[in-house]
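Chemist: If you scroll down you'll find the structure; I have some questions about it.
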Amino acid sequence: MQEIVVGRGMWLELLKPDENGHIVTVASQQIFGVVRSVMPFRLTGTTRDYIVVGSDSGRICILEFDGPTKKFKRVHMETYGKSGCRRVVPGQYLATDPRGRAIMISAVEKQKFVYILNRDSSNNLTISSPLEAHKSHSIVYSVCGVDVGFENPVFATIEVDYSELDEDPEAPQPEKMLVYYELDLGLNHVLRKWSCPVEPTANMLIPVPGGNDGPSGVLVCSENYISYKHSTQSSDDEKADSSRGVIPRRHDMSHDQGLLIVNYAAHKQKDMFFFLVQSEYGDLYKVTLDWLGETVRVIVKYFDTIQCSNGLVVLRAGFLFSAAEFSNHKLYQFQGIGDDDDDAIIGYMTIGEENTPEDEQEVLPLFKPRLLKNLLLIDDIDSLSPICDCKVMDLFQQDKSQLYTLCGRGPQSTLRILRHGLSVTELAFSELPGVPNAVWTVKRRFTDPYDEYIVVTFMNATLVLSIGETVEEVTDSGFSGSITTLLCTTLMDNSMLQVHPGGIRHIRRDGRINEWKSTGKRAISRAASNEKQVVIAQGSEIVYFELDISGSLVDVAKVDLGQDITCVDVGPIQAGRQRCKFVSVGFPDKTVRIYNVESEMQVPLSRLICSVEPESIALLNMPSETGEVQDTTYLFVGLRNGMLQRCTVDAMTGEIRDPRTRLCGARPCRLIKVRTQGSNSVLVLSSSTWLCYHANSKFNITPMGDDSFEYAASFASEPCPEGLVTIQSNKVRILSVDRIGDSIFHQQSVQLKCTPRRFITHPSTNYLIMLETDHRTYTNQEKEEIKQELKSSTAADDNDDMEEEDLPEREYGTIKAPEGTWASYIRIYDPVQQVTHDMIELEDNQAAISLCTCVFHDRGSEVFLIVGTVKDMKLTPKVDKGGVLLAFKFTDLGRKLELVHKTTLEAAPYALCAYQGRLLVGVGTALRIYDMGKRKLLRKCENKNFANMIVSIQKIGDRIYVGDVTDGIIFVKYQRKENQLVAFADTPSPYWVTAMLPIDHSTVIVADKFGNVTVQRLAPTITDDIDADNQKNWIWDRGLTNGAPQKSTEIVKYHVGDVVTSLTKAPLTTGGQEVIVYTTFMGSIGCFVPMQTRDDADFFTLLEMHLHQENPPLLGREHQVFRGAYHPVKDCIDGDFCELFTTLPYKKQQEIAEELDRTPEEVCKRLEDIRNKVL
């Protein structure tokens, strides 16, 4: 079985396609470091792969996957350098010998180590001391292992020696060299074996199979070409030209635009091999070799076009996995291997200098991108990377917050609306003639994998539906259709059971039907069963049945419990036992009691006191949260006030322990037993639907979709092995729950045109106003003009033209414009109706960079939209022709925009903020206040004393918080009498600000581009002096060594490990605690939760301290060093690290819990309480 290892930020994951072609997550492990490179290898003669990981720990780690625990296990770890992503510390590049005998790990500059791999007498992997292959003054671009059979291992690198350029800056540019390093296994030494010059644009090496499979050597990818190189190759120019393949290019690319290969995947079989390489545009090419002796010909053909990726993997099962760069990751199935794709070439382009003879000019084949021909999209995995901006709001008025995130880049950009809950897919839908009461699914035989019937009951009837290619009503199932059904199930002897108010209908496997009728005037009100036992309740009386050896349902016990029974359940039969000895019963006196069916049921074994009357109970076995035993018996109690209680039940004594409570809705909770991922789970039906399940070594209670249901049951069929059949009013729906355990958010995606930069909400209509801006992109009119030129200059037929017009830019990209060309749009979007009301395209090569709404004091309550743009901006070096402030007014009830006027500026306005009926603008290094004029905005006040460039402005009351791109946060006060903006305080050290958020009047949280988050606070004395009406001049005149006269205090320091792009303060649940939600460039969403008590802070600090000793991170980066990468951690506890407690062996959990004067269950409960405060 082939699986896929991916490194995603600080996570190492193992993925695989299932039998239905969907990608599932086998394991996910947080490593508290940065994964820089991953490479698999296999020792000769073995059938199991290891993976070697290069990270920022300064250590090489070799891991193997442990199937039973579903974790990566560290086999070896060797230290070779300092921690951190440094250019001279190896870890950026990894290469393995194809025979699994050695590993090379390289830095970007100078250092390379080679490790020899072997096995000891116990068949365990061993690793040698590192062998140096350093070369000073050299920069490495790519590394790979060369297939030389069982000769001495050889590694190839692309290097540049800059020693001469370092000594003489005017020296000619050095050549790029392809270098072979040979590991002499006899002498235990690495030597530089061979080198040859390559193209100056060479950027990637691809190893070629050797021995009987191929000619060995490497493919060198450079701009426009793929060349074959090997140490046995002669220097004959004619042979060198024949071993160079030309990369076909798109017909709309300009002749002076180069084309680079950014990724590849290799596929090898016994009699053939080929490579799939991907260009920077996302185009896939099939590369094959035709060789005879030393002559090797490289053949490059256009294959298909997908989104640009960071990694490609070809699986033997016929799948291609693409780890996309800035969109969802995708799994494709091969429909062909591109042998008949010569028709893709539509022409040729000749390139070369003006004076170059025609016979020496290069001819490049041209092609048109097309719809997928050789690949078929099977599945995709949601990816938010990169998140440009995020806000937490409840625009749908659902009493729970949604996360609105701007994601992606270019045509792949999206607005994602994230809701807390599992994603649900509707597979079937049907309306019924009446409103049903309940639904069940029944198997024909107990051991069948799939269900045979769907049983729907009404007020006075029961409908039986047969499951097949279609769902049809049947009347020969044995179930009575003229009564109300309370319970339907299949027993272990393949007989079926129907419980109704008047009795029990037992349908034997031979078709015989046995009836048990209730005695007296009491009707059956509640019923529960497992595969062998049945329990019914009649008023205050409980009747217990068992299935005997002959297949008859025998009345074993009848007990009057003294009060009416509100709910009842019997647990599952554990392996090796004849029956489950526990029955749980709920009573109107707000208690739930456990009875033993093997003895007299008059005296309960234990009882649980509830806050209100129980509505429903479920007794079942689930994986233990602490890992003490494989399965634990849990008691779930749904209360009539919408609360859910979960307790553990001792398997021997029946004692109820460890009660935990969770609010699930406003309606009484109804509990349904279901199966998810092969284990028992509980569905909670209230005003919201929740799923209780075990995943990732912890217990989870997660909402499921946005709908509420009256009843539900498990559903299993061949297309949907683990689904649900639900009742909603008079509708029956068949649903499947997607990717349980992978994500706790389900999302709605809205396609955008360009890269989203920022967005805000209209203050009254709650419409989203978004800025979309892309570099090197033409406007719509320019694109149409270019397409018309291409049509007139090509000889393609009308069908090809039509096919080109139909290609979506999201999948196939757009025409690249010259540097300094911008396209910008302002979009008004209604997230509730899912409609774009207005979209304005900016002219004059303007790039929109900031926006805000503002109500000016002399314009009544009219809302204006102010958009900051920059004209003709080039990024390297960064130059522009000044900025512009565009003032729009809203029309058509906020659905349309109308331009009022423009205001030109001498620098780019990167930050805007409404302030006391005026507008604050950050113009380069100046902070200004503008007011609305008739023809333009009028400057009223200015402070030019900021360090570099203002990138963020926020305000609370009359206090202004300014973020400088390099200087951190500056606290500013506007003196109305003097009409001055005065900086009275700033941060004690500079920060490269990427996001900031004022938490209160004196506290602000700031994130920098290195992944650090810091909370700054002004001392109370400073706050009092500034806010007092009788300000003292010495506060403003008092000077320090530099900056403002007062300094803030750093009260929290923490390293996130990724660039934080947004910060928001909001509760994520109704009535929940306010948290600081942050998003990162790599697509992560996290939050900072303020500790409410000193006891909580001390407890989790001690827990984190013990975990440092008992559970060090997988790749060797010390946790404290990682979280304090740039400065020591201060007053911040790593919740992700504390969550690892549940993944430890139970013995270690006990040791840590004893140090904390707790039990492992109590520690898990504290962790769950913190999670419940957030979501």
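The chains in the structure tokens are called A, B, ... from first to last as shown; in each chain the residues are counted from 1, and the ligands are counted from 1 in the order shown.
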I'd like the contact shell of Ser552 of chain A - 12 Å cut-off, only C-alpha atoms, skipping same-chain residues fewer than 4 positions apart - returned as a list in words.
Modeler: Leu491, Met492, Asp493, Asn494, Ser495, Met496, Leu497, Arg505, His506, Ile507, Arg508, Arg509, Arg512, Ile513, Asn514, Glu515, Trp516, Lys532, Gln533, Phe545, Glu546, Leu547, Asp548 and Val556 of chain A
Chemist: Excluding segment 457-470 of chain A and its own-chain neighbours fewer than 2 positions away, which residues fall within 6 Å of it when counting only C-alpha atoms? Please give them as a CSV table (one decimal) with C-alpha atoms, in the first residue's frame.
Modeler:
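What follows is the written file result-v5.csv:
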```csv
chain,number,residue,atom,x,y,z
A,436,PRO,CA,-42.8,11.0,10.6
A,437,ASN,CA,-41.9,10.5,14.2
A,438,ALA,CA,-38.7,8.4,13.9
A,452,GLU,CA,-31.5,-3.6,3.8
A,453,TYR,CA,-34.5,-1.5,5.0
A,454,ILE,CA,-35.3,2.0,6.1
A,455,VAL,CA,-38.2,2.0,8.5
A,472,GLU,CA,-38.9,1.6,-2.8
A,473,GLU,CA,-41.7,0.8,-0.5
A,474,VAL,CA,-42.1,-2.9,0.4
A,481,GLY,CA,-47.4,-1.2,8.7
A,482,SER,CA,-50.5,-0.3,10.7
A,483,ILE,CA,-49.0,0.6,14.0
A,484,THR,CA,-46.6,3.2,15.4
A,485,THR,CA,-43.1,1.8,15.9
```
Chemist: Asp97 of chain A: which residues within 7 Å, counting only C-alpha atoms, same-chain residues fewer than 6 positions away excluded, as a PyMOL selection string?
Modeler: chain A and resi 103+145-146+153
Chemist: Could you produce a table of the residues of segment 257-331 of chain A lying within 12 Å of segment 747-771 of chain A, with the nearest pair of atoms per residue and their separation in Å rounded to one decimal, using only C-alpha atoms, ordered by chain and increasing residue number, as JSON lines?
Modeler:
```
{"residue": "A:Phe326", "atom": "CA", "partner": "A:Thr755", "partner_atom": "CA", "distance": 10.6}
{"residue": "A:Ser327", "atom": "CA", "partner": "A:Gln751", "partner_atom": "CA", "distance": 11.5}
{"residue": "A:Asn328", "atom": "CA", "partner": "A:Ser749", "partner_atom": "CA", "distance": 11.2}
```
Chemist: Which residues are close to segment 216-222 of chain A, i.e. within 6 Å by only C-alpha atoms, leaving aside same-chain residues fewer than 5 positions away? Reply as a PyMOL selection string.
Modeler: chain A and resi 147+201-210+227-230
Chemist: Save the residues we just selected, all heavy atoms, as an mmCIF file, in the first residue's frame?
Modeler:
```
data_model
loop_
_atom_site.group_PDB
_atom_site.id
_atom_site.type_symbol
_atom_site.label_atom_id
_atom_site.label_comp_id
_atom_site.auth_asym_id
_atom_site.auth_seq_id
_atom_site.Cartn_x
_atom_site.Cartn_y
_atom_site.Cartn_z
ATOM 1 N N ASP A 147 21.324 7.226 -9.565
ATOM 2 C CA ASP A 147 21.159 5.772 -9.586
ATOM 3 C C ASP A 147 22.359 5.146 -10.293
ATOM 4 O O ASP A 147 22.465 5.178 -11.526
ATOM 5 C CB ASP A 147 19.867 5.403 -10.313
ATOM 6 C CG ASP A 147 19.514 3.931 -10.152
ATOM 7 O OD1 ASP A 147 20.374 3.167 -9.659
ATOM 8 O OD2 ASP A 147 18.390 3.541 -10.518
ATOM 9 N N THR A 201 20.476 29.396 -15.807
ATOM 10 C CA THR A 201 19.152 29.388 -15.183
ATOM 11 C C THR A 201 18.792 28.022 -14.609
ATOM 12 O O THR A 201 17.621 27.810 -14.224
ATOM 13 C CB THR A 201 18.094 29.805 -16.214
ATOM 14 O OG1 THR A 201 18.176 28.939 -17.352
ATOM 15 C CG2 THR A 201 18.298 31.249 -16.647
ATOM 16 N N ALA A 202 19.723 27.072 -14.551
ATOM 17 C CA ALA A 202 19.424 25.736 -14.021
ATOM 18 C C ALA A 202 18.949 25.849 -12.580
ATOM 19 O O ALA A 202 19.564 26.537 -11.757
ATOM 20 C CB ALA A 202 20.654 24.847 -14.121
ATOM 21 N N ASN A 203 17.852 25.140 -12.262
ATOM 22 C CA ASN A 203 17.260 25.293 -10.934
ATOM 23 C C ASN A 203 16.852 23.974 -10.292
ATOM 24 O O ASN A 203 16.528 23.943 -9.112
ATOM 25 C CB ASN A 203 16.023 26.189 -11.015
ATOM 26 C CG ASN A 203 14.895 25.544 -11.796
ATOM 27 O OD1 ASN A 203 15.098 25.093 -12.915
ATOM 28 N ND2 ASN A 203 13.707 25.502 -11.214
ATOM 29 N N MET A 204 16.865 22.847 -11.043
ATOM 30 C CA MET A 204 16.352 21.608 -10.471
ATOM 31 C C MET A 204 17.022 20.415 -11.129
ATOM 32 O O MET A 204 17.329 20.436 -12.329
ATOM 33 C CB MET A 204 14.830 21.516 -10.660
ATOM 34 C CG MET A 204 14.202 20.270 -10.064
ATOM 35 S SD MET A 204 12.427 20.209 -10.343
ATOM 36 C CE MET A 204 11.915 21.567 -9.309
ATOM 37 N N LEU A 205 17.256 19.368 -10.304
ATOM 38 C CA LEU A 205 17.798 18.100 -10.790
ATOM 39 C C LEU A 205 16.754 17.001 -10.622
ATOM 40 O O LEU A 205 16.055 16.936 -9.606
ATOM 41 C CB LEU A 205 19.057 17.719 -10.001
ATOM 42 C CG LEU A 205 20.296 18.592 -10.195
ATOM 43 C CD1 LEU A 205 21.408 18.133 -9.268
ATOM 44 C CD2 LEU A 205 20.762 18.580 -11.634
ATOM 45 N N ILE A 206 16.678 16.126 -11.633
ATOM 46 C CA ILE A 206 15.782 14.976 -11.593
ATOM 47 C C ILE A 206 16.622 13.731 -11.819
ATOM 48 O O ILE A 206 17.266 13.605 -12.875
ATOM 49 C CB ILE A 206 14.683 15.079 -12.668
ATOM 50 C CG1 ILE A 206 13.876 16.363 -12.488
ATOM 51 C CG2 ILE A 206 13.773 13.860 -12.625
ATOM 52 C CD1 ILE A 206 12.853 16.595 -13.582
ATOM 53 N N PRO A 207 16.663 12.795 -10.857
ATOM 54 C CA PRO A 207 17.468 11.591 -11.061
ATOM 55 C C PRO A 207 16.826 10.663 -12.093
ATOM 56 O O PRO A 207 15.610 10.481 -12.124
ATOM 57 C CB PRO A 207 17.502 10.950 -9.671
ATOM 58 C CG PRO A 207 16.268 11.457 -8.994
ATOM 59 C CD PRO A 207 16.014 12.827 -9.530
ATOM 60 N N VAL A 208 17.664 10.054 -12.919
ATOM 61 C CA VAL A 208 17.217 9.136 -13.963
ATOM 62 C C VAL A 208 17.538 7.715 -13.530
ATOM 63 O O VAL A 208 18.635 7.446 -13.018
ATOM 64 C CB VAL A 208 17.912 9.464 -15.305
ATOM 65 C CG1 VAL A 208 17.513 8.459 -16.376
ATOM 66 C CG2 VAL A 208 17.559 10.877 -15.739
ATOM 67 N N PRO A 209 16.597 6.766 -13.686
ATOM 68 C CA PRO A 209 16.898 5.371 -13.320
ATOM 69 C C PRO A 209 18.115 4.839 -14.059
ATOM 70 O O PRO A 209 18.384 5.212 -15.212
ATOM 71 C CB PRO A 209 15.621 4.620 -13.725
ATOM 72 C CG PRO A 209 14.558 5.655 -13.717
ATOM 73 C CD PRO A 209 15.216 6.933 -14.134
ATOM 74 N N GLY A 210 18.850 3.965 -13.379
ATOM 75 C CA GLY A 210 20.050 3.385 -13.967
ATOM 76 C C GLY A 210 19.961 1.874 -14.037
ATOM 77 O O GLY A 210 18.902 1.280 -13.849
ATOM 78 N N SER A 227 17.757 19.227 -19.844
ATOM 79 C CA SER A 227 18.964 18.611 -20.423
ATOM 80 C C SER A 227 19.330 17.358 -19.646
ATOM 81 O O SER A 227 19.131 17.277 -18.425
ATOM 82 C CB SER A 227 20.133 19.593 -20.399
ATOM 83 O OG SER A 227 19.781 20.813 -21.039
ATOM 84 N N TYR A 228 19.883 16.397 -20.380
ATOM 85 C CA TYR A 228 20.388 15.176 -19.748
ATOM 86 C C TYR A 228 21.891 15.316 -19.539
ATOM 87 O O TYR A 228 22.634 15.713 -20.448
ATOM 88 C CB TYR A 228 20.095 13.961 -20.625
ATOM 89 C CG TYR A 228 20.770 12.696 -20.135
ATOM 90 C CD1 TYR A 228 20.249 11.970 -19.071
ATOM 91 C CD2 TYR A 228 21.952 12.250 -20.723
ATOM 92 C CE1 TYR A 228 20.873 10.829 -18.608
ATOM 93 C CE2 TYR A 228 22.589 11.108 -20.272
ATOM 94 C CZ TYR A 228 22.047 10.398 -19.214
ATOM 95 O OH TYR A 228 22.676 9.269 -18.763
ATOM 96 N N LYS A 229 22.360 14.977 -18.326
ATOM 97 C CA LYS A 229 23.780 15.053 -18.000
ATOM 98 C C LYS A 229 24.191 13.805 -17.232
ATOM 99 O O LYS A 229 23.426 13.284 -16.409
ATOM 100 C CB LYS A 229 24.080 16.286 -17.127
ATOM 101 C CG LYS A 229 23.751 17.627 -17.770
ATOM 102 C CD LYS A 229 24.718 17.981 -18.877
ATOM 103 C CE LYS A 229 24.424 19.366 -19.437
ATOM 104 N NZ LYS A 229 25.325 19.708 -20.563
ATOM 105 N N HIS A 230 25.415 13.355 -17.516
ATOM 106 C CA HIS A 230 25.981 12.232 -16.774
ATOM 107 C C HIS A 230 27.494 12.278 -16.903
ATOM 108 O O HIS A 230 28.039 12.818 -17.877
ATOM 109 C CB HIS A 230 25.423 10.912 -17.278
ATOM 110 C CG HIS A 230 25.693 9.750 -16.356
ATOM 111 N ND1 HIS A 230 25.758 9.880 -14.990
ATOM 112 C CD2 HIS A 230 25.925 8.438 -16.599
ATOM 113 C CE1 HIS A 230 25.994 8.722 -14.429
ATOM 114 N NE2 HIS A 230 26.103 7.819 -15.395
#
```
Chemist: With only C-alpha atoms as the counted atoms, please give the residues lying no more than 9 Å from Ser729 of chain A, apart from itself and same-chain residues fewer than 2 positions off, as a PyMOL selection string.
Modeler: chain A and resi 434-436+709-710+727+731-732
Chemist: Let's see if you can do this: from backbone DSSP, list all strand (DSSP E) residues in segment 117-284 of chain A, as a PyMOL selection string.
Modeler: chain A and resi 117-119+125-127+131-132+138-146+154-161+176-184+189-197+204-207+218-222+225-229+244-246+249-250+261-268+273-279+283-284
Chemist: Output as a CSV table (one decimal) with N, CA, C and O atoms, in the first residue's frame all residues of segment 627-794 of chain A that backbone DSSP marks as alpha helix (DSSP H).
Modeler:
```csv
chain,number,residue,atom,x,y,z
A,780,ASN,N,-9.6,43.6,-17.8
A,780,ASN,CA,-10.5,42.8,-18.6
A,780,ASN,C,-10.4,43.2,-20.1
A,780,ASN,O,-10.4,42.4,-21.0
A,781,GLN,N,-10.4,44.5,-20.3
A,781,GLN,CA,-10.3,45.1,-21.6
A,781,GLN,C,-9.0,44.7,-22.3
A,781,GLN,O,-9.0,44.3,-23.5
A,782,GLU,N,-7.9,44.8,-21.6
A,782,GLU,CA,-6.6,44.4,-22.2
A,782,GLU,C,-6.6,42.9,-22.5
A,782,GLU,O,-6.0,42.5,-23.5
A,783,LYS,N,-7.2,42.1,-21.7
A,783,LYS,CA,-7.2,40.7,-21.9
A,783,LYS,C,-8.0,40.4,-23.2
A,783,LYS,O,-7.5,39.5,-24.1
A,784,GLU,N,-9.1,41.0,-23.4
A,784,GLU,CA,-9.9,40.8,-24.6
A,784,GLU,C,-9.1,41.2,-25.9
A,784,GLU,O,-9.2,40.6,-26.9
A,785,GLU,N,-8.4,42.3,-25.8
A,785,GLU,CA,-7.6,42.8,-26.9
A,785,GLU,C,-6.5,41.8,-27.3
A,785,GLU,O,-6.3,41.5,-28.4
A,786,ILE,N,-5.8,41.3,-26.2
A,786,ILE,CA,-4.8,40.3,-26.5
A,786,ILE,C,-5.3,39.0,-27.1
A,786,ILE,O,-4.8,38.4,-28.0
A,787,LYS,N,-6.5,38.6,-26.6
A,787,LYS,CA,-7.1,37.4,-27.2
A,787,LYS,C,-7.5,37.6,-28.7
A,787,LYS,O,-7.3,36.7,-29.5
A,788,GLN,N,-8.0,38.8,-29.0
A,788,GLN,CA,-8.3,39.0,-30.4
A,788,GLN,C,-7.1,39.0,-31.3
A,788,GLN,O,-7.1,38.5,-32.4
A,789,GLU,N,-6.0,39.6,-30.7
A,789,GLU,CA,-4.7,39.6,-31.5
A,789,GLU,C,-4.2,38.1,-31.7
A,789,GLU,O,-3.8,37.8,-32.8
A,790,LEU,N,-4.3,37.3,-30.7
A,790,LEU,CA,-3.9,35.9,-30.8
A,790,LEU,C,-4.8,35.2,-31.8
A,790,LEU,O,-4.3,34.3,-32.6
A,791,LYS,N,-6.1,35.4,-31.8
A,791,LYS,CA,-7.0,34.8,-32.8
A,791,LYS,C,-6.6,35.2,-34.2
A,791,LYS,O,-6.7,34.3,-35.1
A,792,SER,N,-6.3,36.4,-34.4
A,792,SER,CA,-6.0,36.9,-35.8
A,792,SER,C,-4.7,36.4,-36.3
A,792,SER,O,-4.5,36.3,-37.5
A,793,SER,N,-3.8,36.1,-35.3
A,793,SER,CA,-2.4,35.7,-35.8
A,793,SER,C,-2.2,34.2,-35.8
A,793,SER,O,-1.2,33.7,-36.2
```
Chemist: Atom CA of Pro248 of chain A and atom CA of Arg297 of chain A, how far apart in Å?
Modeler: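 These atoms are spaced 15.8 Å apart.
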Chemist: Can you pull out every residue within 7 Å of Lys673 of chain A, counting only C-alpha atoms, but drop anything in the same chain fewer than 2 positions away, and send it as a list in words?
Modeler: Leu671, Ser681, Val682 and Leu683 of chain A
Chemist: Emit the selected residues as an mmCIF file, in the first residue's frame, including C-alpha atoms.
Modeler:
```cif
data_model
loop_
_atom_site.group_PDB
_atom_site.id
_atom_site.type_symbol
_atom_site.label_atom_id
_atom_site.label_comp_id
_atom_site.auth_asym_id
_atom_site.auth_seq_id
_atom_site.Cartn_x
_atom_site.Cartn_y
_atom_site.Cartn_z
ATOM 1 C CA LEU A 671 -29.391 10.756 21.550
ATOM 2 C CA SER A 681 -20.372 7.527 18.213
ATOM 3 C CA VAL A 682 -23.391 9.435 19.484
ATOM 4 C CA LEU A 683 -25.536 11.877 17.528
#
```
Chemist: For segment 997-1010 of chain A, please output as a ChimeraX atom specification all residues within 9 Å (counting only C-alpha atoms; exclusion window: fewer than 2 positions along the same chain).
Modeler: /A:954-957,959,961,963,965,968-969,991-995,1012-1020,1023,1048,1052,1055-1065,1076,1126
Chemist: For the interface of segment 839-869 of chain A with segment 806-821 of chain A (cut-off 10 Å, counting only C-alpha atoms), please tabulate each contacting residue of segment 839-869 of chain A alongside its nearest pair of atoms and their separation in Å to one decimal, rows sorted by chain and increasing number, as a Markdown table.
Modeler:
```
| residue | atom | partner | partner_atom | distance |
| --- | --- | --- | --- | --- |
| A:Asp844 | CA | A:Thr821 | CA | 9.9 |
| A:Asn845 | CA | A:Thr821 | CA | 6.4 |
| A:Gln846 | CA | A:Thr821 | CA | 8.7 |
| A:Ala847 | CA | A:Thr821 | CA | 8.9 |
```
Chemist: Just N, CA, C and O atoms for this one: save the residues we selected as a compact mmCIF listing (two decimals), in the first residue's frame.
Modeler:
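See out-v3.txt below for the written result:
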```
# COMPACT_ATOMS: atom_id res chain seq x y z
N ASP A 844 -6.08 53.36 -14.82
CA ASP A 844 -4.80 54.09 -14.70
C ASP A 844 -3.75 53.28 -13.94
O ASP A 844 -2.93 53.85 -13.21
N ASN A 845 -3.78 51.96 -14.08
CA ASN A 845 -2.77 51.10 -13.46
C ASN A 845 -2.66 51.35 -11.96
O ASN A 845 -1.56 51.44 -11.39
N GLN A 846 -3.80 51.42 -11.30
CA GLN A 846 -3.83 51.62 -9.85
C GLN A 846 -3.91 50.28 -9.14
O GLN A 846 -4.62 49.37 -9.57
N ALA A 847 -3.19 50.17 -8.04
CA ALA A 847 -3.23 49.00 -7.17
C ALA A 847 -3.92 49.39 -5.87
O ALA A 847 -3.42 50.25 -5.13
```
Chemist: Rounded to one decimal in Å, what is the spacing between atom CA of Val439 of chain A and atom CA of Val725 of chain A?
Modeler: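 Those two atoms sit 7.6 Å apart.
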Chemist: May I ask which of the residues A:Ser195, A:Ser57, A:Thr891, A:Asn730 is the closest one to Phe429 of chain A, counting only C-alpha atoms?
Modeler: A:Asn730
Chemist: Using Å and a single decimal, report how far atom CA of Arg1123 of chain A sits from atom CA of Gln1046 of chain A.
Modeler: 28.5 Å
Chemist: May I ask which of the residues A:Val592, A:Arg36, A:Asp213, A:Arg419 is the closest one to Asp394 of chain A, counting only C-alpha atoms?
Modeler: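 For Asp394 of chain A, the nearest of the given residues is A:Arg419.
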Chemist: Given only C-alpha atoms as the basis, pick out the residue of A:Pro1112, A:Leu886, A:Leu1175, A:Ile247 nearest to Val1089 of chain A.
Modeler: A:Leu1175
Chemist: Nearest to Ile866 of chain A: which of A:Lys902, A:His22, A:Arg42, A:Lys73 is it, counting only C-alpha atoms?
Modeler: A:Lys902
Chemist: Nearest to Cys664 of chain A: which of A:Thr1069, A:Arg935, A:Asn152, A:Thr79 is it, counting only C-alpha atoms?
Modeler: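 Answer, going by the shortest atom-to-atom distance: A:Thr1069.
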